[in-house]
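Enquirer: Data file query.txt (compact mmCIF, C-alpha atoms) is appended below.
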# COMPACT_ATOMS: atom_id res chain seq x y z
CA MET A 197 0.00 0.00 0.00
CA ILE A 198 1.07 3.62 -0.47
CA ARG A 199 2.31 4.84 2.90
CA SER A 200 3.39 8.37 2.08
CA THR A 201 1.75 11.51 0.78
CA PHE A 202 4.93 12.20 -1.10
CA ILE A 203 6.29 10.26 -4.04
CA ALA A 204 9.88 9.05 -4.12
CA LEU A 205 11.88 9.31 -7.26
CA ALA A 206 15.15 8.34 -8.93
CA VAL A 207 15.70 10.64 -11.74
CA CYS A 208 18.50 11.31 -13.99
CA ALA A 209 19.11 14.85 -15.27
CA LEU A 210 19.61 14.24 -18.95
CA ALA A 211 19.87 16.26 -22.13
CA ALA A 212 21.33 15.46 -25.64
CA CYS A 213 20.12 12.29 -27.33
CA ASP A 214 22.43 9.29 -27.59
CA ASN A 215 22.03 6.41 -30.03
CA ARG A 216 19.67 4.60 -27.68
CA GLY A 217 17.13 7.43 -27.44
CA LEU A 218 18.19 8.18 -23.86
CA TRP A 219 19.31 11.68 -23.04
CA ARG A 220 22.72 12.97 -22.00
CA ASP A 221 24.42 16.33 -21.67
CA PRO A 222 28.11 17.18 -21.24
CA LYS A 223 27.10 19.62 -18.50
CA LEU A 224 25.88 16.75 -16.32
CA HIS A 225 28.50 15.24 -14.06
CA VAL A 226 29.36 11.60 -14.72
CA LEU A 227 29.66 9.68 -11.50
CA GLY A 228 33.12 8.44 -10.67
CA GLY A 229 34.22 8.99 -14.25
CA SER A 230 32.08 6.03 -15.38
CA ASP A 231 29.43 6.33 -18.07
CA ALA A 232 27.68 3.39 -16.47
CA ALA A 233 27.18 5.38 -13.32
CA SER A 234 24.95 8.03 -14.82
CA THR A 235 23.27 6.41 -17.79
CA GLY A 236 24.00 2.72 -17.50
CA SER A 237 26.61 0.74 -19.33
CA SER A 238 26.60 1.23 -23.06
CA GLY A 239 26.49 -1.74 -25.34
CA SER A 240 25.27 -3.04 -28.65
CA SER A 241 21.68 -3.26 -29.76
CA GLY A 242 20.40 -0.42 -27.62
CA THR A 243 21.51 -1.39 -24.14
CA THR A 244 19.85 0.90 -21.66
CA GLY A 245 20.79 2.61 -18.45
CA VAL A 246 18.63 4.66 -16.15
CA SER A 247 16.48 7.20 -17.93
CA GLY A 248 16.28 9.04 -14.89
CA SER A 249 15.93 9.95 -14.12
CA THR A 250 8.69 12.25 -15.21
CA GLY A 251 -1.25 18.31 -25.75
CA SER A 252 -1.31 22.04 -25.87
CA GLY A 253 0.06 23.89 -22.91
CA SER A 254 -0.86 27.13 -21.21
CA SER A 255 1.64 29.82 -20.27
CA ASN A 256 1.41 31.74 -17.05
CA GLY A 257 3.35 34.67 -18.48
CA GLY A 258 6.26 36.58 -17.01
CA SER A 259 9.68 35.19 -16.25
CA THR A 260 11.87 34.39 -13.31
CA GLY A 261 15.59 35.10 -13.44
CA LEU A 262 18.47 35.46 -11.04
CA SER A 263 17.12 38.76 -9.82
CA GLY A 264 14.40 36.77 -8.10
CA SER A 265 16.82 34.69 -6.09
CA SER A 266 17.12 35.02 -2.36
CA GLY A 267 19.87 34.26 0.10
CA SER A 268 19.52 31.30 2.39
CA SER A 269 20.70 30.60 5.90
CA GLY A 270 21.81 27.18 4.72
CA GLY A 271 25.01 28.30 2.99
CA THR A 272 27.42 26.12 4.94
CA THR A 273 30.68 25.59 3.07
CA GLY A 274 31.45 22.03 1.97
CA LEU A 275 34.71 20.19 2.40
CA SER A 276 36.18 21.42 -0.89
CA GLY A 277 35.18 25.07 -0.55
CA CYS A 278 32.11 24.48 -2.72
CA THR A 279 28.69 25.42 -1.39
CA PHE A 280 25.12 26.19 -2.48
CA PRO A 281 24.58 29.54 -0.74
CA PHE A 282 21.65 31.02 -2.67
CA GLU A 283 18.22 29.68 -3.52
CA GLN A 284 15.65 30.84 -6.01
CA GLN A 285 12.03 29.67 -5.95
CA LEU A 286 10.36 28.97 -9.29
CA ALA A 287 6.58 28.62 -9.50
CA VAL A 288 5.21 25.46 -11.17
CA GLY A 289 1.90 23.62 -11.18
CA ASN A 290 0.08 22.29 -8.15
CA GLY A 291 1.95 19.77 -5.98
CA PRO A 292 5.23 19.07 -7.81
CA ILE A 293 6.46 15.61 -6.88
CA SER A 294 9.32 14.97 -9.33
CA VAL A 295 11.76 17.12 -11.30
CA ALA A 296 14.12 16.48 -14.23
CA ALA A 297 16.69 18.62 -16.05
CA VAL A 298 17.00 18.42 -19.85
CA ASP A 299 17.52 20.66 -22.88
CA LEU A 300 13.99 20.65 -24.25
CA ASP A 301 14.33 23.35 -26.91
CA GLY A 302 17.74 22.51 -28.37
CA ASP A 303 19.48 25.75 -27.41
CA GLY A 304 22.23 24.06 -25.41
CA ARG A 305 20.83 25.26 -22.07
CA LEU A 306 19.31 23.02 -19.45
CA ASP A 307 15.59 23.37 -18.83
CA LEU A 308 13.47 21.97 -15.98
CA VAL A 309 10.30 19.88 -16.00
CA SER A 310 8.20 18.88 -13.00
CA ALA A 311 5.44 16.32 -12.54
CA ASN A 312 2.61 17.92 -10.59
CA ALA A 313 0.39 15.55 -8.60
CA GLY A 314 -2.07 18.23 -7.53
CA ASP A 315 -3.31 19.21 -10.98
CA SER A 316 -2.18 16.24 -13.10
CA SER A 317 0.22 18.19 -15.26
CA VAL A 318 3.86 18.66 -16.12
CA SER A 319 5.41 22.12 -15.92
CA VAL A 320 8.17 23.11 -18.35
CA LEU A 321 10.57 25.92 -17.43
CA LEU A 322 12.97 26.91 -20.20
CA GLY A 323 16.43 27.87 -18.98
CA TYR A 324 18.27 31.05 -19.86
CA GLY A 325 21.70 29.48 -19.27
CA ASP A 326 22.58 31.93 -16.48
CA GLY A 327 20.72 30.08 -13.71
CA GLY A 328 17.41 31.79 -14.44
CA PHE A 329 14.30 30.22 -15.97
CA ALA A 330 11.24 31.43 -17.87
CA ALA A 331 7.79 31.12 -16.34
CA HIS A 332 6.32 27.65 -16.51
CA GLN A 333 4.17 26.24 -19.29
CA ASP A 334 1.87 23.38 -18.25
CA PHE A 335 0.79 20.29 -20.19
CA PRO A 336 -1.90 17.80 -19.05
CA VAL A 337 -0.94 14.21 -18.21
CA GLY A 338 -2.75 11.28 -16.57
CA GLN A 339 -4.33 11.47 -13.15
CA ILE A 340 -1.88 12.19 -10.29
CA PRO A 341 1.54 11.78 -11.89
CA SER A 342 4.24 10.49 -9.54
CA VAL A 343 7.39 10.84 -11.65
CA VAL A 344 8.59 12.38 -14.92
CA ARG A 345 11.15 10.78 -17.25
CA VAL A 346 12.78 11.95 -20.49
CA ALA A 347 13.56 9.86 -23.60
CA ASP A 348 13.23 10.00 -27.39
CA MET A 349 10.32 7.60 -27.81
CA ASN A 350 9.78 8.19 -31.54
CA HIS A 351 13.41 8.55 -32.68
CA ASP A 352 13.05 12.05 -34.09
CA GLY A 353 15.98 13.45 -32.11
CA ARG A 354 13.72 15.48 -29.82
CA PRO A 355 13.19 14.81 -26.11
CA ASP A 356 9.80 13.41 -25.13
CA LEU A 357 8.27 13.26 -21.64
CA LEU A 358 6.76 10.30 -19.79
CA THR A 359 4.89 10.21 -16.50
CA SER A 360 3.64 7.38 -14.31
CA ASN A 361 0.12 8.18 -13.12
CA LEU A 362 -0.90 6.84 -9.71
CA HIS A 363 -4.67 7.22 -9.98
CA GLY A 364 -4.78 6.88 -13.74
CA ASN A 365 -3.11 3.44 -13.56
CA SER A 366 -1.30 4.52 -16.70
CA VAL A 367 1.80 5.92 -18.33
CA SER A 368 1.50 9.16 -20.31
CA VAL A 369 3.78 9.91 -23.27
CA LEU A 370 4.11 13.50 -24.53
CA LEU A 371 6.01 13.73 -27.81
CA GLY A 372 8.26 16.78 -27.98
CA TYR A 373 8.34 19.35 -30.75
CA GLY A 374 11.94 20.29 -29.96
CA ASP A 375 11.05 23.89 -29.03
CA GLY A 376 9.85 23.26 -25.47
CA GLY A 377 6.32 22.35 -26.58
CA PHE A 378 4.62 18.96 -26.59
CA ALA A 379 1.85 17.13 -28.39
CA PRO A 380 -1.23 16.01 -26.40
CA LYS A 381 -0.58 13.04 -24.14
CA GLN A 382 -0.94 9.42 -25.20
CA ASP A 383 -1.89 7.09 -22.32
CA ALA A 384 -1.05 3.41 -21.98
CA ALA A 385 -2.46 1.12 -19.30
CA ALA A 386 -0.04 -0.04 -16.59
CA GLY A 387 -0.75 -1.86 -13.33
CA ASN A 388 -2.52 -0.55 -10.23
CA ALA A 389 -0.94 2.72 -9.02
CA PRO A 390 2.34 2.85 -11.00
CA TYR A 391 4.71 4.60 -8.61
CA ASP A 392 7.80 4.80 -10.78
CA ILE A 393 8.88 4.08 -14.35
CA GLN A 394 12.14 3.64 -16.24
CA VAL A 395 12.85 3.61 -19.95
CA GLY A 396 15.04 1.18 -21.91
CA ASP A 397 15.14 -1.19 -24.86
CA PHE A 398 14.25 -4.38 -23.01
CA ASP A 399 13.69 -6.55 -26.10
CA ARG A 400 16.59 -5.03 -28.08
CA ASP A 401 14.53 -4.19 -31.14
CA GLY A 402 15.84 -0.63 -31.30
CA LYS A 403 12.62 0.82 -29.85
CA LEU A 404 12.40 2.17 -26.32
CA ASP A 405 10.14 0.41 -23.82
CA VAL A 406 8.90 1.32 -20.33
CA ILE A 407 8.88 -0.69 -17.12
CA ALA A 408 6.56 0.35 -14.30
CA ALA A 409 6.56 -0.42 -10.57
CA ASN A 410 2.90 -0.83 -9.55
CA ASN A 411 2.45 -0.09 -5.86
CA LEU A 412 -1.06 -1.38 -5.16
CA ASP A 413 -0.89 -4.73 -6.95
CA ASP A 414 2.76 -5.47 -6.06
CA THR A 415 3.97 -5.96 -9.62
CA LEU A 416 6.32 -4.81 -12.34
CA THR A 417 4.83 -4.27 -15.80
CA LEU A 418 6.74 -4.03 -19.08
CA LEU A 419 5.20 -1.83 -21.78
CA LEU A 420 6.70 -2.31 -25.24
CA GLY A 421 7.27 0.72 -27.46
CA ASP A 422 6.39 0.81 -31.15
CA GLY A 423 9.06 3.39 -31.98
CA GLU A 424 6.45 6.06 -32.65
CA GLY A 425 5.52 6.92 -29.06
CA ALA A 426 2.80 4.33 -28.40
CA LEU A 427 3.12 1.67 -25.67
CA SER A 428 1.41 -1.67 -25.16
CA LYS A 429 1.42 -3.90 -22.08
CA LEU A 430 3.41 -7.11 -22.48
CA THR A 431 4.45 -8.86 -19.27
CA THR A 432 3.90 -8.57 -15.52
CA TRP A 433 6.09 -9.92 -12.72
CA PRO A 434 5.27 -10.06 -8.99
CA THR A 435 7.23 -8.28 -6.28
CA ASN A 436 7.44 -9.28 -2.63
CA GLY A 437 5.49 -6.28 -1.38
CA ASP A 438 4.77 -2.71 -2.43
CA PRO A 439 7.32 -1.45 -4.99
CA TYR A 440 8.19 2.22 -4.69
CA ALA A 441 11.02 3.00 -7.09
CA LEU A 442 13.19 1.27 -9.65
CA VAL A 443 16.28 1.69 -11.81
CA ALA A 444 17.27 0.02 -15.07
CA ALA A 445 20.90 -0.57 -16.00
CA ASP A 446 23.23 -3.29 -17.28
CA LEU A 447 24.31 -4.78 -13.95
CA ASP A 448 26.01 -7.91 -15.31
CA GLY A 449 27.79 -6.59 -18.40
CA ASP A 450 25.91 -8.69 -20.97
CA GLY A 451 24.51 -5.71 -22.87
CA ASN A 452 20.93 -6.27 -21.68
CA PRO A 453 19.08 -3.88 -19.34
CA ASP A 454 18.47 -5.27 -15.84
CA VAL A 455 16.09 -3.97 -13.18
CA ALA A 456 16.39 -3.25 -9.47
CA VAL A 457 13.27 -2.25 -7.54
CA ALA A 458 12.96 -0.89 -3.99
CA VAL A 459 10.22 -2.78 -2.12
CA GLY A 460 8.91 -1.06 0.99
CA PHE A 461 6.89 -3.81 2.63
CA SER A 462 9.72 -6.35 2.67
CA ASN A 463 12.52 -3.78 3.22
CA ASP A 464 14.65 -4.96 0.32
CA ILE A 465 15.62 -4.38 -3.26
CA GLU A 466 14.86 -7.05 -5.82
CA VAL A 467 17.24 -7.47 -8.76
CA ARG A 468 16.02 -9.11 -11.97
CA LEU A 469 18.50 -9.66 -14.79
CA GLY A 470 17.27 -9.02 -18.32
CA TYR A 471 17.33 -11.63 -21.06
CA GLY A 472 17.29 -9.09 -23.89
CA ASP A 473 14.03 -10.45 -25.35
CA GLY A 474 11.62 -8.61 -23.05
CA GLY A 475 11.97 -11.20 -20.31
CA LEU A 476 13.43 -10.84 -16.82
CA GLY A 477 14.96 -13.51 -14.62
CA ALA A 478 13.94 -14.51 -11.10
CA ALA A 479 14.15 -11.84 -8.39
CA THR A 480 17.19 -11.84 -6.10
CA PRO A 481 16.45 -9.90 -2.88
CA TYR A 482 18.94 -7.80 -0.90
CA ALA A 483 17.96 -6.43 2.52
CA THR A 484 17.85 -2.64 2.94
CA GLY A 485 17.17 -0.31 5.81
CA ASP A 486 13.59 0.27 6.94
CA ASP A 487 11.17 1.48 4.24
CA PRO A 488 13.20 2.05 1.04
CA VAL A 489 11.26 4.63 -0.98
CA ALA A 490 13.86 5.81 -3.50
CA ILE A 491 16.76 4.25 -5.39
CA THR A 492 19.52 5.46 -7.67
CA LEU A 493 22.86 4.23 -8.92
CA GLY A 494 26.47 5.22 -9.47
CA ASP A 495 30.00 3.89 -9.21
CA PHE A 496 30.47 4.54 -5.51
CA ASN A 497 33.80 2.75 -5.05
CA VAL A 498 35.11 3.86 -8.47
CA ASP A 499 35.81 0.32 -9.75
CA GLY A 500 33.90 0.63 -13.03
CA ASN A 501 30.90 -1.44 -11.87
CA VAL A 502 27.38 -0.14 -11.28
CA ASP A 503 26.41 0.19 -7.61
CA LEU A 504 23.00 0.93 -6.04
CA VAL A 505 21.78 3.03 -3.13
CA THR A 506 18.34 3.38 -1.52
CA ALA A 507 16.88 6.13 0.64
CA ASN A 508 15.12 4.54 3.62
CA SER A 509 12.36 6.74 5.02
CA ILE A 510 11.62 5.10 8.37
CA GLY A 511 15.22 3.92 8.76
CA ARG A 512 16.52 7.49 8.25
CA SER A 513 19.40 6.03 6.30
CA ALA A 514 20.84 5.26 2.87
CA SER A 515 21.69 1.64 2.05
CA VAL A 516 24.66 1.24 -0.32
CA PHE A 517 25.14 -1.91 -2.42
CA ILE A 518 28.45 -2.38 -4.22
CA GLY A 519 28.09 -4.25 -7.52
CA HIS A 520 30.43 -7.05 -8.55
CA GLY A 521 29.76 -6.44 -12.25
CA ASP A 522 28.11 -9.84 -12.71
CA GLY A 523 24.61 -8.86 -11.55
CA THR A 524 25.25 -9.64 -7.88
CA LEU A 525 25.71 -7.16 -5.04
CA ARG A 526 27.58 -7.07 -1.75
CA ALA A 527 25.54 -6.91 1.43
CA ARG A 528 24.61 -3.34 2.23
CA THR A 529 26.42 -0.73 4.26
CA ASP A 530 24.24 2.01 5.75
CA ALA A 531 24.90 5.74 5.96
CA ASP A 532 22.99 8.02 8.32
CA THR A 533 20.79 10.61 6.59
CA ASN A 534 19.66 12.15 9.89
CA ALA A 535 16.07 12.45 8.59
CA ALA A 536 13.27 10.53 6.88
CA SER A 537 14.21 10.88 3.22
CA GLN A 538 11.98 10.75 0.15
CA ALA A 539 14.41 11.29 -2.74
CA ILE A 540 18.07 10.62 -3.46
CA ASP A 541 20.50 11.82 -6.12
CA ALA A 542 24.10 10.72 -6.74
CA LEU A 543 26.68 13.09 -8.21
CA ASP A 544 30.30 14.14 -7.76
CA TYR A 545 29.42 17.65 -6.63
CA ASP A 546 32.96 18.78 -5.82
CA GLY A 547 34.83 17.10 -8.67
CA ASP A 548 37.11 14.95 -6.51
CA GLY A 549 36.30 11.79 -8.49
CA SER A 550 34.16 10.24 -5.74
CA PRO A 551 30.35 10.31 -6.09
CA ASP A 552 28.43 12.01 -3.30
CA LEU A 553 24.78 11.71 -2.26
CA PHE A 554 22.09 14.31 -1.77
CA VAL A 555 18.87 13.26 -0.04
CA ALA A 556 15.64 15.24 0.29
CA SER A 557 13.56 15.11 3.47
CA PRO A 558 10.09 16.68 3.74
CA ASP A 559 10.09 16.00 7.49
CA SER A 560 13.16 18.16 8.12
CA HIS A 561 12.38 20.55 5.23
CA SER A 562 15.92 20.10 3.97
CA ILE A 563 18.36 18.37 1.66
CA ALA A 564 21.39 16.66 3.17
CA LEU A 565 24.84 16.08 1.67
CA LEU A 566 26.52 12.73 2.30
CA LYS A 567 30.14 13.08 1.22
CA GLY A 568 31.52 10.05 -0.62
CA ARG A 569 34.88 8.57 0.33
CA GLY A 570 35.31 6.75 -2.99
CA THR A 571 35.14 3.40 -1.17
CA GLY A 572 31.37 2.96 -1.11
CA GLN A 573 31.12 4.67 2.27
CA PHE A 574 29.47 8.04 2.89
CA ASP A 575 29.61 10.59 5.71
CA TYR A 576 26.73 12.86 6.70
CA THR A 577 28.23 16.32 6.17
CA LEU A 578 25.69 19.16 6.20
CA THR A 579 22.14 20.18 5.30
CA TYR A 580 20.53 22.97 3.33
CA PRO A 581 16.99 24.26 3.95
CA ALA A 582 14.69 23.35 1.07
CA GLY A 583 11.32 24.94 1.64
CA THR A 584 8.37 23.13 3.18
CA SER A 585 8.25 19.69 1.59
CA PRO A 586 11.19 18.72 -0.64
CA VAL A 587 10.24 15.44 -2.30
CA GLY A 588 12.07 15.42 -5.65
CA LEU A 589 15.67 16.13 -6.57
CA THR A 590 17.87 16.47 -9.66
CA HIS A 591 21.04 18.23 -10.75
CA GLY A 592 22.75 19.90 -13.70
CA ASP A 593 24.87 22.91 -14.63
CA PHE A 594 22.16 25.55 -14.88
CA ASN A 595 24.39 28.61 -15.29
CA GLY A 596 27.18 27.18 -17.45
CA ASP A 597 29.99 27.76 -14.97
CA GLY A 598 31.16 24.14 -14.92
CA HIS A 599 29.80 23.45 -11.44
CA VAL A 600 26.87 21.16 -10.73
CA ASP A 601 23.72 22.81 -9.34
CA LEU A 602 20.65 21.39 -7.60
CA ALA A 603 16.90 21.56 -8.30
CA VAL A 604 14.37 20.43 -5.69
CA ALA A 605 10.64 19.81 -6.07
CA ASP A 606 8.84 21.48 -3.13
CA HIS A 607 5.40 19.86 -3.06
CA ASP A 608 3.53 22.14 -0.66
CA ALA A 609 5.00 25.36 -2.04
CA ASN A 610 4.06 24.52 -5.66
CA ALA A 611 7.63 25.36 -6.59
CA ILE A 612 11.01 24.17 -7.82
CA ARG A 613 13.86 25.47 -5.69
CA VAL A 614 17.17 25.94 -7.52
CA ARG A 615 20.49 26.17 -5.71
CA LEU A 616 23.51 27.28 -7.74
CA GLN A 617 26.88 25.99 -6.60
CA VAL A 618 29.69 28.43 -5.79
CA CYS A 619 33.28 27.21 -5.42
CA HIS A 620 36.08 29.28 -3.90
Rewrite the structure of this file - the entire thing - as structure tokens.

Expert:
Amino acid sequence: MIRSTFIALAVCALAACDNRGLWRDPKLHVLGGSDAASTGSSGSSGTTGVSGSTGSGSSNGGSTGLSGSSGSSGGTTGLSGCTFPFEQQLAVGNGPISVAAVDLDGDGRLDLVSANAGDSSVSVLLGYGDGGFAAHQDFPVGQIPSVVRVADMNHDGRPDLLTSNLHGNSVSVLLGYGDGGFAPKQDAAAGNAPYDIQVGDFDRDGKLDVIAANNLDDTLTLLLGDGEGALSKLTTWPTNGDPYALVAADLDGDGNPDVAVAVGFSNDIEVRLGYGDGGLGAATPYATGDDPVAITLGDFNVDGNVDLVTANSIGRSASVFIGHGDGTLRARTDADTNAASQAIDALDYDGDGSPDLFVASPDSHSIALLKGRGTGQFDYTLTYPAGTSPVGLTHGDFNGDGHVDLAVADHDANAIRVRLQVCH
């Protein structure tokens, strides 16, 4: 059952299209110097990684730039002299729950898109490249979206948007025009209350597919893509409890996308290795901390293999799983997050070659930095205030200065909060 008002996410901030239809941008930091850490291992026949990390639209007019930013009391300096001292609040639709960063209009500048649970929409904010963003334009999606993802579903070289819709029991696809606008949504049936989705070519036919974690019927559902933006349900697999979030990446190096899903009821992640024909193998469980609600990946010990980490809400911790490169994982090590977290993002924020973690907590109204040692271990370092209810998190270089910045979905404030990094 769904135990939280807020929706966890594991998004990737992505932007120029690669040959798999997934989205990358040179401004986005690659974890531990490994391509597998941010987008999954590349391989032949359209091997996928994580795709995250969420019609005619209406414009609310006006614009928000850096002049609208405000100082924050949370500007504690990090270990490397890099900090996030200033915050600007950007208005979006009602109840943003997920946020992604991507160049939606092809101008080389990162834009933002949020999935808004309160009014069943996505909000697009085009970036100016200096850290400022235009006012949001909204596009309808299915009922109560829980996450937004970005991929090129129809192979036209333009980013498209996808949302999982909790009450719609569906996945919405919005095909992009390449100028920041989108065609009306196309909906495809998923399971009961799809909580998270990921995109990849699971049957290796060169067309992107979608896998959904369905919270209320304890299943995973694979939706096959037709290469033109339409999806059709193919296969369903059971999970051992209520799945919250999932990632897709090549965990065993065979060129096929695999899946790892965070299961709240049983306090574990379940790994299923992909066959490359649309099938998945039997689930292998790995125990996590209490109530894993978000999951992401990176190369946390910098050995070239994909590792996983969950944010555990009740456990107030992050569980780190080091990958062996053959689809198996070491037993977890836990890092204290000092709060009940709802979202997690992995990035090398200070450029020292070791991925770090940021976790968002609506209970403490903050985001916390867990500094990576480069060994798979993390140290709770500091927190930044993040409005009233930070529930979604992504990153990218929003002002073109070469430093990674943060964007946080603040559900109750109907806003995205952007923090630009400053290094001394």

Enquirer: From the list A:Ala456, A:Ala389, A:Ala444, A:Val369, which residue is nearest A:Leu427 when using only C-alpha atoms?

Expert: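 The shortest atom-to-atom distance to A:Leu427 comes from A:Val369.
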
Enquirer: Rounded to one decimal place, report the atom CA of A:Phe280-atom CA of A:Gly588 distance in Å.

Expert: 17.2 Å

Enquirer: To one decimal place, how far is atom CA of A:Gly425 from atom CA of A:Leu370 in Å?

Expert: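 Separation between atom CA of A:Gly425 and atom CA of A:Leu370: 8.1 Å.
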
Enquirer: Using Å and a single decimal, report how far atom CA of A:Pro434 sits from atom CA of A:Asp487.

Expert: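 Answer for the atom CA of A:Asp487 to atom CA of A:Pro434 separation: 18.5 Å.
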
Enquirer: Around all the atoms of stretch 401-418 of chain A listed in the file, draw an axis-aligned box and extend it by 5 Å on each of the six sides; I want its centre and edge lengths in Å to one decimal, as JSON.

Expert:
{"center_x": 7.4, "center_y": -1.9, "center_z": -18.2, "size_x": 26.9, "size_y": 18.1, "size_z": 36.1}

Enquirer: From the set A:Asp544, A:Asp448, A:Asp326, A:Asp454, which residue has the shortest atom-to-atom contact distance to A:Gly475, counting all atoms listed in the file?

Expert: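 Of A:Asp544, A:Asp448, A:Asp326, A:Asp454, the one nearest A:Gly475, counting all atoms listed in the file, is A:Asp454.
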
Enquirer: Nearest to A:Arg528 among A:Ser513, A:Phe335, A:Leu300, A:Asp414, with distances taken over only C-alpha atoms: which residue is it?

Expert: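 Among the listed residues, the smallest separation from A:Arg528 belongs to A:Ser513.
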
Enquirer: Using only C-alpha atoms for the distances, tell me which of A:Asp399, A:Leu418, A:Gly596, A:Gly372 is nearest to A:Gly387.

Expert: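 Counting only C-alpha atoms, the residue closest to A:Gly387 is A:Leu418.
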
Enquirer: Could you tell me which of A:Lys403, A:His363, A:Arg345, A:His332 comes closest to A:Gly376 if we count all atoms listed in the file?

Expert: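 Counting all atoms listed in the file, the residue closest to A:Gly376 is A:His332.
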
Enquirer: Using all atoms listed in the file, I'd like a table of the residues in stretch 522-607 of chain A that come within 12 Å of stretch 312-321 of chain A; for each, show the closest atom pair and its distance in Å rounded to one decimal, ordered by chain and ascending number, as a Markdown table.

Expert:
| residue | atom | partner | partner_atom | distance |
| --- | --- | --- | --- | --- |
| A:Val587 | CA | A:Asn312 | CA | 11.5 |
| A:Gly588 | CA | A:Asn312 | CA | 11.0 |
| A:Phe594 | CA | A:Leu321 | CA | 11.9 |
| A:Ala603 | CA | A:Leu321 | CA | 11.9 |
| A:Ala605 | CA | A:Asn312 | CA | 9.4 |
| A:Asp606 | CA | A:Asn312 | CA | 10.4 |
| A:His607 | CA | A:Asn312 | CA | 8.3 |

Enquirer: Give me the residues within 9 Å of A:Ala507 as a VMD selection string, counting all atoms listed in the file and dropping any in the same chain fewer than 2 places off.

Expert: chain A and resid 204 485 487 to 492 505 509 511 to 515 533 536 to 540 555

Enquirer: At a cut-off of 6 Å around the point (12.2, 14.3, 12.3) (file coordinates), what residues fall inside when counting only C-alpha atoms? I'd like the answer as a ChimeraX atom specification.

Expert: /A:535,559-560
